[in-house]
>>> print(open('work34.cif').read())   # mmCIF, C-alpha atoms (C1' of nucleotides)
data_model
#
loop_
_atom_site.label_atom_id
_atom_site.label_comp_id
_atom_site.auth_asym_id
_atom_site.auth_seq_id
_atom_site.Cartn_x
_atom_site.Cartn_y
_atom_site.Cartn_z
CA MET A 30 -45.42 68.14 -2.59
CA GLU A 31 -46.04 66.10 -5.76
CA GLN A 32 -43.16 67.67 -7.58
CA TYR A 33 -40.52 66.21 -5.28
CA ASN A 34 -41.07 62.97 -7.10
CA ALA A 35 -39.00 64.31 -9.95
CA TYR A 36 -35.76 64.93 -8.12
CA SER A 37 -34.61 61.34 -8.48
CA GLN A 38 -34.74 61.44 -12.24
CA LEU A 39 -33.19 64.87 -12.17
CA LEU A 40 -30.31 63.56 -10.11
CA GLU A 41 -29.90 60.41 -12.09
CA ARG A 42 -29.83 62.05 -15.45
CA THR A 43 -27.38 64.68 -14.30
CA ALA A 44 -25.05 62.13 -12.78
CA ARG A 45 -25.32 60.07 -15.93
CA ARG A 46 -24.49 63.01 -18.12
CA VAL A 47 -21.53 64.00 -15.99
CA LYS A 48 -20.11 60.52 -16.35
CA GLN A 49 -21.00 60.27 -20.01
CA TYR A 50 -19.36 63.60 -20.77
CA ALA A 51 -16.21 62.65 -18.93
CA GLN A 52 -16.06 59.26 -20.65
CA TYR A 53 -16.60 60.93 -24.01
CA GLN A 54 -13.63 63.21 -23.34
CA PHE A 55 -11.56 60.30 -22.06
CA ASN A 56 -12.24 58.49 -25.32
CA CYS A 57 -11.57 61.48 -27.56
CA GLN A 58 -8.31 62.13 -25.79
CA GLN A 59 -7.46 58.41 -25.80
CA PHE A 60 -6.85 58.05 -22.09
CA GLY A 61 -7.32 54.32 -22.52
CA ILE A 62 -9.29 53.90 -19.29
CA THR A 63 -12.83 54.36 -18.07
CA VAL A 64 -13.95 57.05 -15.68
CA ASP A 65 -14.38 54.49 -12.91
CA GLN A 66 -10.94 53.08 -13.54
CA TRP A 67 -9.64 56.63 -13.19
CA THR A 68 -11.28 56.88 -9.78
CA ILE A 69 -9.35 53.83 -8.62
CA LEU A 70 -6.04 55.11 -9.95
CA LYS A 71 -6.56 58.55 -8.45
CA ASN A 72 -7.38 57.21 -5.00
CA LEU A 73 -4.46 54.82 -5.14
CA ASN A 74 -2.17 57.68 -5.99
CA GLN A 75 -3.60 59.78 -3.20
CA TYR A 76 -3.57 57.14 -0.47
CA ALA A 77 -1.07 54.58 -1.78
CA ASP A 78 -1.19 50.82 -1.40
CA LEU A 79 -4.60 50.09 0.01
CA ALA A 80 -6.21 46.73 0.64
CA GLN A 81 -9.06 46.15 -1.78
CA LYS A 82 -11.62 46.58 0.92
CA GLU A 83 -10.25 49.97 1.91
CA LEU A 84 -9.85 50.99 -1.71
CA ALA A 85 -13.46 50.05 -2.34
CA GLU A 86 -14.53 52.33 0.51
CA TYR A 87 -12.49 55.28 -0.68
CA CYS A 88 -13.78 54.86 -4.21
CA GLU A 89 -17.36 54.15 -3.15
CA LYS A 90 -17.49 50.89 -5.04
CA ASP A 91 -18.68 47.59 -3.67
CA GLN A 92 -16.18 44.80 -3.39
CA PRO A 93 -17.21 42.69 -6.38
CA THR A 94 -17.14 45.77 -8.60
CA LEU A 95 -13.76 46.76 -7.26
CA THR A 96 -12.38 43.27 -7.86
CA ARG A 97 -13.36 43.53 -11.51
CA ILE A 98 -12.03 47.02 -12.02
CA VAL A 99 -8.74 45.98 -10.43
CA ASP A 100 -8.67 42.97 -12.76
CA LEU A 101 -8.96 45.32 -15.72
CA LEU A 102 -6.29 47.65 -14.37
CA VAL A 103 -3.98 44.72 -13.75
CA GLY A 104 -4.57 43.68 -17.35
CA LYS A 105 -3.52 47.16 -18.42
CA GLN A 106 -0.48 46.89 -16.18
CA LEU A 107 -1.44 50.04 -14.33
CA VAL A 108 -1.69 48.38 -10.92
CA GLU A 109 -0.60 45.13 -9.34
CA ARG A 110 -1.86 43.00 -6.48
CA ARG A 111 0.64 42.42 -3.69
CA PRO A 112 0.21 40.15 -0.69
CA HIS A 113 -0.99 41.97 2.38
CA PRO A 114 1.73 41.98 5.04
CA ASN A 115 -0.54 41.05 7.94
CA ASP A 116 -3.49 39.28 6.40
CA ARG A 117 -3.27 36.44 3.95
CA ARG A 118 -6.90 36.87 2.92
CA SER A 119 -6.11 40.28 1.60
CA PHE A 120 -4.28 41.97 -1.23
CA VAL A 121 -2.72 45.36 -1.36
CA VAL A 122 -3.24 47.18 -4.63
CA HIS A 123 -0.14 48.99 -5.82
CA LEU A 124 0.28 51.52 -8.63
CA THR A 125 2.90 50.41 -11.11
CA PRO A 126 5.32 53.03 -12.46
CA THR A 127 3.20 53.07 -15.61
CA GLY A 128 0.11 53.61 -13.51
CA LYS A 129 1.68 56.39 -11.53
CA ALA A 130 2.85 58.06 -14.71
CA LYS A 131 -0.66 57.83 -16.10
CA VAL A 132 -2.17 59.48 -13.03
CA GLU A 133 0.32 62.28 -13.22
CA THR A 134 -0.14 62.79 -16.94
CA LEU A 135 -3.92 62.78 -16.83
CA SER A 136 -4.59 64.68 -13.61
CA GLY A 137 -4.62 68.09 -15.20
CA GLN A 138 -6.67 67.00 -18.17
CA VAL A 139 -9.25 65.32 -15.97
CA GLY A 140 -9.43 68.50 -13.91
CA THR A 141 -10.16 70.48 -17.03
CA ILE A 142 -12.89 68.06 -18.05
CA ARG A 143 -14.45 68.23 -14.60
CA MET A 144 -14.44 72.02 -14.56
CA GLN A 145 -16.62 72.14 -17.62
CA ALA A 146 -19.68 71.20 -15.57
CA TRP A 147 -19.22 74.25 -13.41
CA LYS A 148 -19.62 76.93 -16.05
CA ASN A 149 -22.20 79.56 -15.06
CA LEU A 150 -22.13 78.39 -11.46
CA ASN A 151 -20.27 79.76 -8.50
CA GLU A 152 -18.88 78.89 -5.12
CA ALA A 153 -22.22 79.48 -3.40
CA ASP A 154 -23.90 77.12 -5.81
CA PHE A 155 -21.39 74.46 -4.95
CA GLU A 156 -22.09 74.95 -1.27
CA HIS A 157 -25.81 74.66 -1.85
CA LEU A 158 -25.40 71.57 -3.93
CA LYS A 159 -23.12 70.00 -1.38
CA ARG A 160 -25.48 70.68 1.49
CA ILE A 161 -28.57 69.47 -0.34
CA LEU A 162 -27.01 66.30 -1.71
CA ASP A 163 -25.44 65.47 1.63
CA THR A 164 -28.79 65.89 3.31
CA ILE A 165 -30.46 63.60 0.81
CA TYR A 166 -27.65 61.11 1.21
CA ASP A 167 -28.06 61.04 4.96
CA ASN A 168 -31.84 60.91 4.74
CA LEU A 169 -31.67 57.67 2.80
CA ASP A 170 -29.25 55.66 4.87
CA VAL A 171 -30.73 52.18 4.87
CA ARG A 172 -28.65 50.96 7.78
CA LYS A 173 -29.66 53.65 10.24
CA GLU A 174 -27.35 54.63 13.03
CA GLU A 175 -24.43 52.32 12.54
CA THR A 176 -21.36 52.81 14.66
CA GLY A 177 -18.49 54.73 13.19
CA ARG A 178 -20.16 55.74 9.97
CA VAL A 179 -18.70 58.87 8.42
CA PRO A 180 -21.36 61.56 7.90
CA ALA A 181 -21.66 62.75 4.33
CA THR A 182 -20.16 66.12 5.07
CA GLU A 183 -16.92 64.78 6.46
CA TRP A 184 -16.61 62.35 3.64
CA LEU A 185 -16.66 65.17 1.12
CA ALA A 186 -14.11 67.22 3.01
CA ASP A 187 -11.80 64.25 2.76
CA LYS A 188 -12.30 63.96 -0.99
CA ILE A 189 -11.45 67.59 -1.59
CA GLU A 190 -7.98 66.98 -0.14
CA MET B 9 -10.70 75.28 -8.19
CA GLU B 10 -9.43 71.85 -7.20
CA GLN B 11 -12.55 71.03 -5.24
CA TYR B 12 -14.76 70.80 -8.30
CA ASN B 13 -13.29 67.41 -8.91
CA ALA B 14 -15.45 66.14 -6.10
CA TYR B 15 -18.85 67.19 -7.37
CA SER B 16 -19.07 64.30 -9.80
CA GLN B 17 -18.57 61.74 -7.09
CA LEU B 18 -20.96 63.65 -4.88
CA LEU B 19 -23.60 63.53 -7.58
CA GLU B 20 -22.98 59.96 -8.46
CA ARG B 21 -23.11 58.63 -4.97
CA THR B 22 -26.26 60.58 -4.17
CA ALA B 23 -28.01 59.37 -7.29
CA ARG B 24 -26.88 55.85 -6.50
CA ARG B 25 -28.17 56.03 -2.99
CA VAL B 26 -31.51 57.43 -4.08
CA LYS B 27 -31.94 54.51 -6.44
CA GLN B 28 -30.59 52.03 -3.94
CA TYR B 29 -32.94 53.24 -1.24
CA ALA B 30 -35.95 53.09 -3.53
CA GLN B 31 -35.03 49.61 -4.73
CA TYR B 32 -34.55 48.49 -1.15
CA GLN B 33 -38.06 49.68 -0.31
CA PHE B 34 -39.44 48.12 -3.49
CA ASN B 35 -37.94 44.82 -2.40
CA CYS B 36 -39.10 45.04 1.21
CA GLN B 37 -42.60 45.85 0.08
CA GLN B 38 -42.44 43.18 -2.62
CA PHE B 39 -43.37 45.39 -5.53
CA GLY B 40 -41.93 42.76 -7.84
CA ILE B 41 -40.31 45.27 -10.19
CA THR B 42 -37.15 47.36 -10.34
CA VAL B 43 -37.02 51.11 -10.02
CA ASP B 44 -36.27 51.48 -13.72
CA GLN B 45 -39.16 49.25 -14.62
CA TRP B 46 -41.35 51.48 -12.46
CA THR B 47 -40.23 54.48 -14.50
CA ILE B 48 -41.45 52.81 -17.67
CA LEU B 49 -44.80 51.85 -16.17
CA LYS B 50 -45.35 55.29 -14.72
CA ASN B 51 -44.64 57.07 -17.98
CA LEU B 52 -46.83 54.66 -19.87
CA ASN B 53 -49.64 55.32 -17.47
CA GLN B 54 -49.15 59.04 -17.76
CA TYR B 55 -48.85 59.26 -21.53
CA ALA B 56 -50.45 55.99 -22.69
CA ASP B 57 -49.43 53.85 -25.63
CA LEU B 58 -46.14 55.28 -26.78
CA ALA B 59 -43.84 53.96 -29.44
CA GLN B 60 -40.65 52.62 -27.91
CA LYS B 61 -38.64 55.50 -29.22
CA GLU B 62 -40.94 58.05 -27.62
CA LEU B 63 -41.12 56.03 -24.43
CA ALA B 64 -37.34 55.92 -24.31
CA GLU B 65 -37.23 59.71 -24.54
CA TYR B 66 -39.77 60.24 -21.81
CA CYS B 67 -37.98 57.79 -19.54
CA GLU B 68 -34.52 59.03 -20.45
CA LYS B 69 -33.32 55.61 -21.46
CA ASP B 70 -31.51 54.76 -24.65
CA GLN B 71 -33.30 52.50 -27.05
CA PRO B 72 -31.41 49.26 -26.43
CA THR B 73 -31.94 49.68 -22.70
CA LEU B 74 -35.61 50.37 -23.21
CA THR B 75 -35.99 47.32 -25.44
CA ARG B 76 -34.60 45.17 -22.67
CA ILE B 77 -36.69 46.68 -19.92
CA VAL B 78 -39.79 46.28 -22.07
CA ASP B 79 -38.82 42.64 -22.62
CA LEU B 80 -38.79 42.14 -18.85
CA LEU B 81 -42.11 43.91 -18.39
CA VAL B 82 -43.64 41.83 -21.16
CA GLY B 83 -42.36 38.76 -19.32
CA LYS B 84 -44.14 39.97 -16.21
CA GLN B 85 -47.26 40.60 -18.27
CA LEU B 86 -47.39 44.21 -17.20
CA VAL B 87 -47.13 45.61 -20.73
CA GLU B 88 -47.52 44.31 -24.26
CA ARG B 89 -46.14 45.29 -27.63
CA ARG B 90 -48.72 46.23 -30.22
CA PRO B 91 -48.09 46.96 -33.86
CA HIS B 92 -47.83 50.65 -34.60
CA PRO B 93 -50.80 51.78 -36.71
CA ASN B 94 -48.74 53.85 -39.17
CA ASP B 95 -45.28 52.39 -39.05
CA ARG B 96 -44.42 48.75 -39.36
CA ARG B 97 -40.95 49.30 -37.99
CA SER B 98 -42.41 50.40 -34.74
CA PHE B 99 -44.24 49.01 -31.74
CA VAL B 100 -46.58 50.72 -29.39
CA VAL B 101 -46.13 49.69 -25.78
CA HIS B 102 -49.40 49.21 -23.97
CA LEU B 103 -50.09 48.75 -20.27
CA THR B 104 -52.02 45.56 -19.61
CA PRO B 105 -54.84 45.70 -17.06
CA THR B 106 -52.43 44.05 -14.62
CA GLY B 107 -49.86 46.71 -15.38
CA LYS B 108 -52.31 49.51 -14.95
CA ALA B 109 -53.49 48.06 -11.66
CA LYS B 110 -49.90 47.84 -10.51
CA VAL B 111 -49.25 51.49 -11.31
CA GLU B 112 -52.33 52.54 -9.44
CA THR B 113 -51.58 50.38 -6.44
CA LEU B 114 -47.97 51.46 -6.16
CA SER B 115 -48.19 55.16 -6.99
CA GLY B 116 -48.82 56.31 -3.47
CA GLN B 117 -46.24 54.03 -1.94
CA VAL B 118 -43.60 55.13 -4.42
CA GLY B 119 -44.46 58.73 -3.60
CA THR B 120 -43.90 58.06 0.07
CA ILE B 121 -40.55 56.41 -0.66
CA ARG B 122 -39.45 59.32 -2.82
CA MET B 123 -40.44 61.91 -0.23
CA GLN B 124 -38.11 60.40 2.33
CA ALA B 125 -35.17 62.02 0.56
CA TRP B 126 -36.64 65.40 1.17
CA LYS B 127 -36.63 65.45 4.96
CA ASN B 128 -34.97 68.58 6.35
CA LEU B 129 -35.14 70.30 2.99
CA ASN B 130 -37.60 72.82 1.63
CA GLU B 131 -39.04 74.37 -1.48
CA ALA B 132 -36.14 76.77 -1.88
CA ASP B 133 -33.69 73.88 -1.69
CA PHE B 134 -35.56 72.14 -4.43
CA GLU B 135 -35.38 75.22 -6.60
CA HIS B 136 -31.65 75.51 -5.99
CA LEU B 137 -31.09 71.87 -6.76
CA LYS B 138 -33.14 72.06 -9.91
CA ARG B 139 -31.35 75.15 -11.18
CA ILE B 140 -27.87 73.82 -10.41
CA LEU B 141 -28.42 70.36 -11.86
CA ASP B 142 -30.05 71.78 -14.96
CA THR B 143 -27.11 74.09 -15.45
CA ILE B 144 -24.66 71.24 -15.17
CA TYR B 145 -26.77 69.18 -17.53
CA ASP B 146 -26.76 71.90 -20.13
CA ASN B 147 -23.06 72.61 -19.66
CA LEU B 148 -22.17 69.07 -20.64
CA ASP B 149 -24.19 68.59 -23.78
CA VAL B 150 -21.87 66.65 -26.07
CA ARG B 151 -23.88 67.36 -29.18
CA LYS B 152 -23.79 71.14 -28.90
CA GLU B 153 -26.58 73.23 -30.27
CA GLU B 154 -28.72 70.62 -31.94
CA THR B 155 -32.00 71.68 -33.40
CA GLY B 156 -35.08 71.23 -31.32
CA ARG B 157 -33.39 70.05 -28.17
CA VAL B 158 -35.47 70.60 -25.06
CA PRO B 159 -33.64 72.70 -22.48
CA ALA B 160 -33.27 70.98 -19.14
CA THR B 161 -35.64 73.33 -17.41
CA GLU B 162 -38.57 72.59 -19.66
CA TRP B 163 -37.94 68.92 -19.41
CA LEU B 164 -38.35 69.02 -15.67
CA ALA B 165 -41.54 71.07 -15.82
CA ASP B 166 -42.97 68.31 -17.96
CA LYS B 167 -42.00 65.62 -15.46
CA ILE B 168 -43.72 67.37 -12.61
CA GLU B 169 -47.01 66.99 -14.43
"C1'" DT C 2 -40.53 53.84 -59.72
"C1'" DC C 3 -35.83 53.12 -58.01
"C1'" DC C 4 -32.19 54.29 -55.12
"C1'" DA C 5 -30.00 56.40 -51.37
"C1'" DT C 6 -30.67 57.75 -46.94
"C1'" DA C 7 -32.94 57.95 -42.58
"C1'" DT C 8 -35.38 55.75 -38.81
"C1'" DA C 9 -37.26 52.08 -35.21
"C1'" DT C 10 -36.03 48.22 -33.20
"C1'" DT C 11 -33.07 44.58 -31.95
"C1'" DT C 12 -28.70 42.25 -30.90
"C1'" DG C 13 -24.04 42.06 -29.19
"C1'" DT C 14 -20.30 43.57 -26.24
"C1'" DC C 15 -18.18 45.72 -22.48
"C1'" DA C 16 -18.43 48.04 -17.98
"C1'" DT C 17 -20.73 48.74 -13.72
"C1'" DA C 18 -24.21 47.99 -9.50
"C1'" DC C 19 -26.25 44.91 -6.52
"C1'" DT C 20 -27.11 40.42 -4.35
"C1'" DA C 21 -26.01 35.92 -2.93
"C1'" DA C 22 -22.94 32.30 -2.40
"C1'" DT C 23 -18.13 30.36 -2.09
"C1'" DT C 24 -13.36 30.07 -0.45
"C1'" DA C 25 -9.60 31.06 2.36
"C1'" DT C 26 -8.19 33.03 6.38
"C1'" DT C 27 -8.66 35.37 10.81
"C1'" DA C 28 -10.86 36.36 15.18
"C1'" DT C 29 -13.70 34.94 18.99
"C1'" DT C 30 -15.46 32.22 22.42
"C1'" DG C 31 -16.49 28.29 25.11
"C1'" DC D 19 -7.23 24.54 21.92
"C1'" DA D 20 -11.25 23.58 19.08
"C1'" DA D 21 -15.45 25.02 17.19
"C1'" DT D 22 -17.76 28.90 15.56
"C1'" DA D 23 -18.35 33.28 13.76
"C1'" DA D 24 -16.57 37.06 11.10
"C1'" DT D 25 -13.98 38.95 7.25
"C1'" DA D 26 -11.41 39.67 2.41
"C1'" DA D 27 -11.70 38.45 -1.88
"C1'" DT D 28 -13.82 36.11 -5.61
"C1'" DT D 29 -17.46 34.14 -8.59
"C1'" DA D 30 -22.01 33.95 -10.51
"C1'" DG D 31 -26.42 35.88 -11.96
"C1'" DT D 32 -29.44 39.68 -13.06
"C1'" DA D 33 -30.28 44.51 -14.37
"C1'" DT D 34 -28.77 48.59 -16.43
"C1'" DG D 35 -25.92 52.02 -19.36
"C1'" DA D 36 -23.22 53.13 -23.43
"C1'" DC D 37 -22.00 52.22 -27.96
"C1'" DA D 38 -21.77 49.80 -32.51
"C1'" DA D 39 -23.75 47.04 -35.86
"C1'" DA D 40 -27.58 44.59 -38.09
"C1'" DT D 41 -32.39 44.34 -39.83
"C1'" DA D 42 -36.64 45.90 -41.49
"C1'" DT D 43 -39.18 49.58 -43.01
"C1'" DA D 44 -39.97 54.60 -44.46
"C1'" DT D 45 -38.94 58.63 -46.83
"C1'" DG D 46 -37.16 61.78 -50.20
"C1'" DG D 47 -35.19 62.77 -54.53
"C1'" DA D 48 -33.66 61.58 -59.38
#
>>> encode(input="work34.cif", output="structure tokens")
Amino acid sequence: MEQYNAYSQLLERTARRVKQYAQYQFNCQQFGITVDQWTILKNLNQYADLAQKELAEYCEKDQPTLTRIVDLLVGKQLVERRPHPNDRRSFVVHLTPTGKAKVETLSGQVGTIRMQAWKNLNEADFEHLKRILDTIYDNLDVRKEETGRVPATEWLADKIE
Amino acid sequence: MEQYNAYSQLLERTARRVKQYAQYQFNCQQFGITVDQWTILKNLNQYADLAQKELAEYCEKDQPTLTRIVDLLVGKQLVERRPHPNDRRSFVVHLTPTGKAKVETLSGQVGTIRMQAWKNLNEADFEHLKRILDTIYDNLDVRKEETGRVPATEWLADKIE
DNA sequence: TCCATATATTTGTCATACTAATTATTATTG
DNA sequence: CAATAATAATTAGTATGACAAATATATGGA
């Protein structure tokens, strides 16, 4: 039982390396954005014009973090904030033409970068990983049993398109 | 092939939740330290009096990050910097009696917190997870084929004690 | 020995995660 | 309808991660 103490570091270091590798490739290939900024752009392109709160949920960022990433993307003129039609507290984040072009240009390259992790692994491995990580994720829900929460499994299905 | 784009988010969010859950428990139980600070203390207790560079390697932190975490732990009087016997560039980080007591008090509780992730999973799952994450880790080594690098698998064996 | 290079630590900067608090607006309820 | 509670976004503060540069010291070779 003692050994299970190590999984957290195992997870953390793998996640860190995945991000680090992607960012390294982003830099080498001069994408001009961070990996997290890419996540925002990609989700915006997929779902189009989301309020920041919704965007934060899709991207799995908290709201303060999302605010700052959007600030940076606005600075790079890749997105813009538009008033929300029904709620004056809220903004809708919109991909500029430049932003949309960037998503379309980079999509393939990001896909290639992401594939690199999967060398020497197969479909069954992915299924294992998915099941195990989803189980861990659900095991550690701090706010147990909230209404309307999306179980980990469904969330992933949504991400895969 | 498209789906492999999701594994990075899957990994990241799981790692984040694991840390978030642990930190939440640390806070509830008033441990008075962060999860990363715990990592330092635990490794110090296990290996005793390491130079910062070595400590950083064991804890999988980079050196600037380690310097800052050690600063915080020194502030909490849980560790102290001692001159390195053979190298005046270097410090040895030493657990104070308070620090050692803290490690011993918290070890069991941290173990309990960590185990929570493992509900509904078994030994075989752990082996799968370990193999898959180690493979990914090795797939994404930016500095290919350096001399003396420890393969992921051995690293884990070491962590398990 | 002297010099060039390597190493251990620190500092600085930017990006992100988390928490708490603030502001503006909306929704609810008495 | 008015007071209150809830919500969207922001701001601020702390901790961490990645990377570059600076400093002090060590090491190896001429």
>>> calpha_fit_rmsd(input="work34.cif", fixed="chain A", moving="chain B")
0.1 Å
>>> residues_around(input="work34.cif", residues="A:Arg118", least_positions_apart="6", cutoff="8 Å", atoms="only C-alpha atoms (C1' of nucleotides)", output="ChimeraX atom specification")
/C:25-26 /D:26-27
>>> resolve_selection(input="work34.cif", expression="the PyMOL selection byres ((chain C) within 12 of (chain B))", output="PDB file with C-alpha atoms (C1' of nucleotides), in the coordinates of the input")
ATOM      1  C1'  DT C   8     -35.380  55.750 -38.810  1.00  0.00           C
ATOM      2  C1'  DA C   9     -37.260  52.080 -35.210  1.00  0.00           C
ATOM      3  C1'  DT C  10     -36.030  48.220 -33.200  1.00  0.00           C
ATOM      4  C1'  DT C  11     -33.070  44.580 -31.950  1.00  0.00           C
ATOM      5  C1'  DT C  12     -28.700  42.250 -30.900  1.00  0.00           C
ATOM      6  C1'  DG C  13     -24.040  42.060 -29.190  1.00  0.00           C
ATOM      7  C1'  DT C  17     -20.730  48.740 -13.720  1.00  0.00           C
ATOM      8  C1'  DA C  18     -24.210  47.990  -9.500  1.00  0.00           C
ATOM      9  C1'  DC C  19     -26.250  44.910  -6.520  1.00  0.00           C
ATOM     10  C1'  DT C  20     -27.110  40.420  -4.350  1.00  0.00           C
TER      11       DT C  20
END
>>> residues_around(input="work34.cif", residues="D:DA20", least_positions_apart="6", cutoff="12 Å", atoms="all atoms listed in the file", output="PDB file with C-alpha atoms (C1' of nucleotides), in the frame of the given file")
ATOM      1  C1'  DT C  29     -13.700  34.940  18.990  1.00  0.00           C
ATOM      2  C1'  DT C  30     -15.460  32.220  22.420  1.00  0.00           C
ATOM      3  C1'  DG C  31     -16.490  28.290  25.110  1.00  0.00           C
TER       4       DG C  31
END
>>> atom_distance(input="work34.cif", atom1="atom CA of B:Tyr29", atom2="atom CA of B:Trp46")
14.1 Å
>>> atom_distance(input="work34.cif", atom1="atom CA of A:Tyr36", atom2="atom CA of A:Asn151")
21.4 Å
>>> residues_around(input="work34.cif", residues="D:DA36", least_positions_apart="3", cutoff="10 Å", atoms="all atoms listed in the file", output="list in words")
Gln49 and Gln52 of chain A; Asp70, Pro72 and Thr73 of chain B; DC15 and DA16 of chain C
>>> resolve_selection(input="work34.cif", expression="the PyMOL selection byres ((chain A and resi 162) around 10)", output="VMD selection string")
(chain A and resid 40 156 to 161 163 to 168 181 to 182) or (chain B and resid 15 18 to 19 21 to 23 125 137)
>>> residues_near_point(input="work34.cif", point="(-44.5, 42.3, -22.4)", cutoff="12 Å", atoms="only C-alpha atoms (C1' of nucleotides)", output="ChimeraX atom specification")
/B:45,48-49,75-90,99-104,106-107
>>> atom_distance(input="work34.cif", atom1="atom CA of B:Tyr66", atom2="atom CA of B:Phe34")
22.0 Å
>>> interface_residues(input="work34.cif", of="chain D", to="chain B", cutoff="8 Å", atoms="only C-alpha atoms (C1' of nucleotides)", output="tab-separated table (two decimals) with C-alpha atoms (C1' of nucleotides), keeping the file's coordinate frame")
chain	number	residue	atom	x	y	z
D	34	DT	C1'	-28.77	48.59	-16.43
D	35	DG	C1'	-25.92	52.02	-19.36
D	42	DA	C1'	-36.64	45.90	-41.49
D	43	DT	C1'	-39.18	49.58	-43.01
D	44	DA	C1'	-39.97	54.60	-44.46
>>> residues_around(input="work34.cif", residues="A:Gln38", least_positions_apart="3", cutoff="10 Å", atoms="only C-alpha atoms (C1' of nucleotides)", output="VMD selection string")
(chain A and resid 34 to 35 41 to 44) or (chain B and resid 23 26 to 27 47 67 to 68 164 167)
>>> resolve_selection(input="work34.cif", expression="the PyMOL selection byres ((chain A and resi 136) around 12)", output="PyMOL selection string")
(chain A and resi 55+60+67-68+70-72+74-75+129-135+137-143) or (chain B and resi 10+13)
>>> closest_residue(input="work34.cif", among="B:Val43, B:His92, B:Gln37, B:Leu58", to="chain A", atoms="only C-alpha atoms")
B:Val43
>>> closest_residue(input="work34.cif", among="A:Ser37, A:Tyr76, A:Gln59, A:Pro114", to="chain B", atoms="only C-alpha atoms")
A:Ser37
>>> build_atoms(input="work34.cif", residues="stretch 21-25 of chain B", atoms="all heavy atoms", output="compact mmCIF listing (two decimals), in the coordinates of the input")
# COMPACT_ATOMS: atom_id res chain seq x y z
N ARG B 21 -22.78 59.45 -6.13
CA ARG B 21 -23.11 58.63 -4.97
C ARG B 21 -24.50 58.97 -4.45
O ARG B 21 -25.19 58.10 -3.93
CB ARG B 21 -22.06 58.79 -3.88
CG ARG B 21 -22.09 60.09 -3.16
CD ARG B 21 -21.17 60.02 -1.95
NE ARG B 21 -21.54 61.04 -0.99
CZ ARG B 21 -21.26 60.96 0.30
NH1 ARG B 21 -20.62 59.92 0.77
NH2 ARG B 21 -21.63 61.91 1.11
N THR B 22 -24.91 60.22 -4.62
CA THR B 22 -26.26 60.58 -4.17
C THR B 22 -27.30 59.91 -5.06
O THR B 22 -28.26 59.31 -4.57
CB THR B 22 -26.45 62.09 -4.17
OG1 THR B 22 -25.36 62.71 -3.49
CG2 THR B 22 -27.74 62.47 -3.48
N ALA B 23 -27.08 60.02 -6.36
CA ALA B 23 -28.01 59.37 -7.29
C ALA B 23 -28.07 57.88 -7.03
O ALA B 23 -29.15 57.27 -7.04
CB ALA B 23 -27.58 59.64 -8.74
N ARG B 24 -26.92 57.29 -6.75
CA ARG B 24 -26.88 55.85 -6.50
C ARG B 24 -27.66 55.52 -5.24
O ARG B 24 -28.41 54.55 -5.19
CB ARG B 24 -25.43 55.39 -6.40
CG ARG B 24 -25.24 53.95 -6.81
CD ARG B 24 -23.79 53.63 -7.12
NE ARG B 24 -22.89 54.03 -6.05
CZ ARG B 24 -21.79 54.73 -6.23
NH1 ARG B 24 -21.43 55.11 -7.43
NH2 ARG B 24 -21.03 55.05 -5.21
N ARG B 25 -27.47 56.34 -4.24
CA ARG B 25 -28.17 56.03 -2.99
C ARG B 25 -29.68 56.20 -3.13
O ARG B 25 -30.44 55.42 -2.57
CB ARG B 25 -27.66 56.90 -1.84
CG ARG B 25 -28.50 56.70 -0.59
CD ARG B 25 -27.82 57.06 0.68
NE ARG B 25 -26.74 56.15 1.02
CZ ARG B 25 -26.07 56.23 2.17
NH1 ARG B 25 -26.36 57.16 3.06
NH2 ARG B 25 -25.10 55.37 2.43
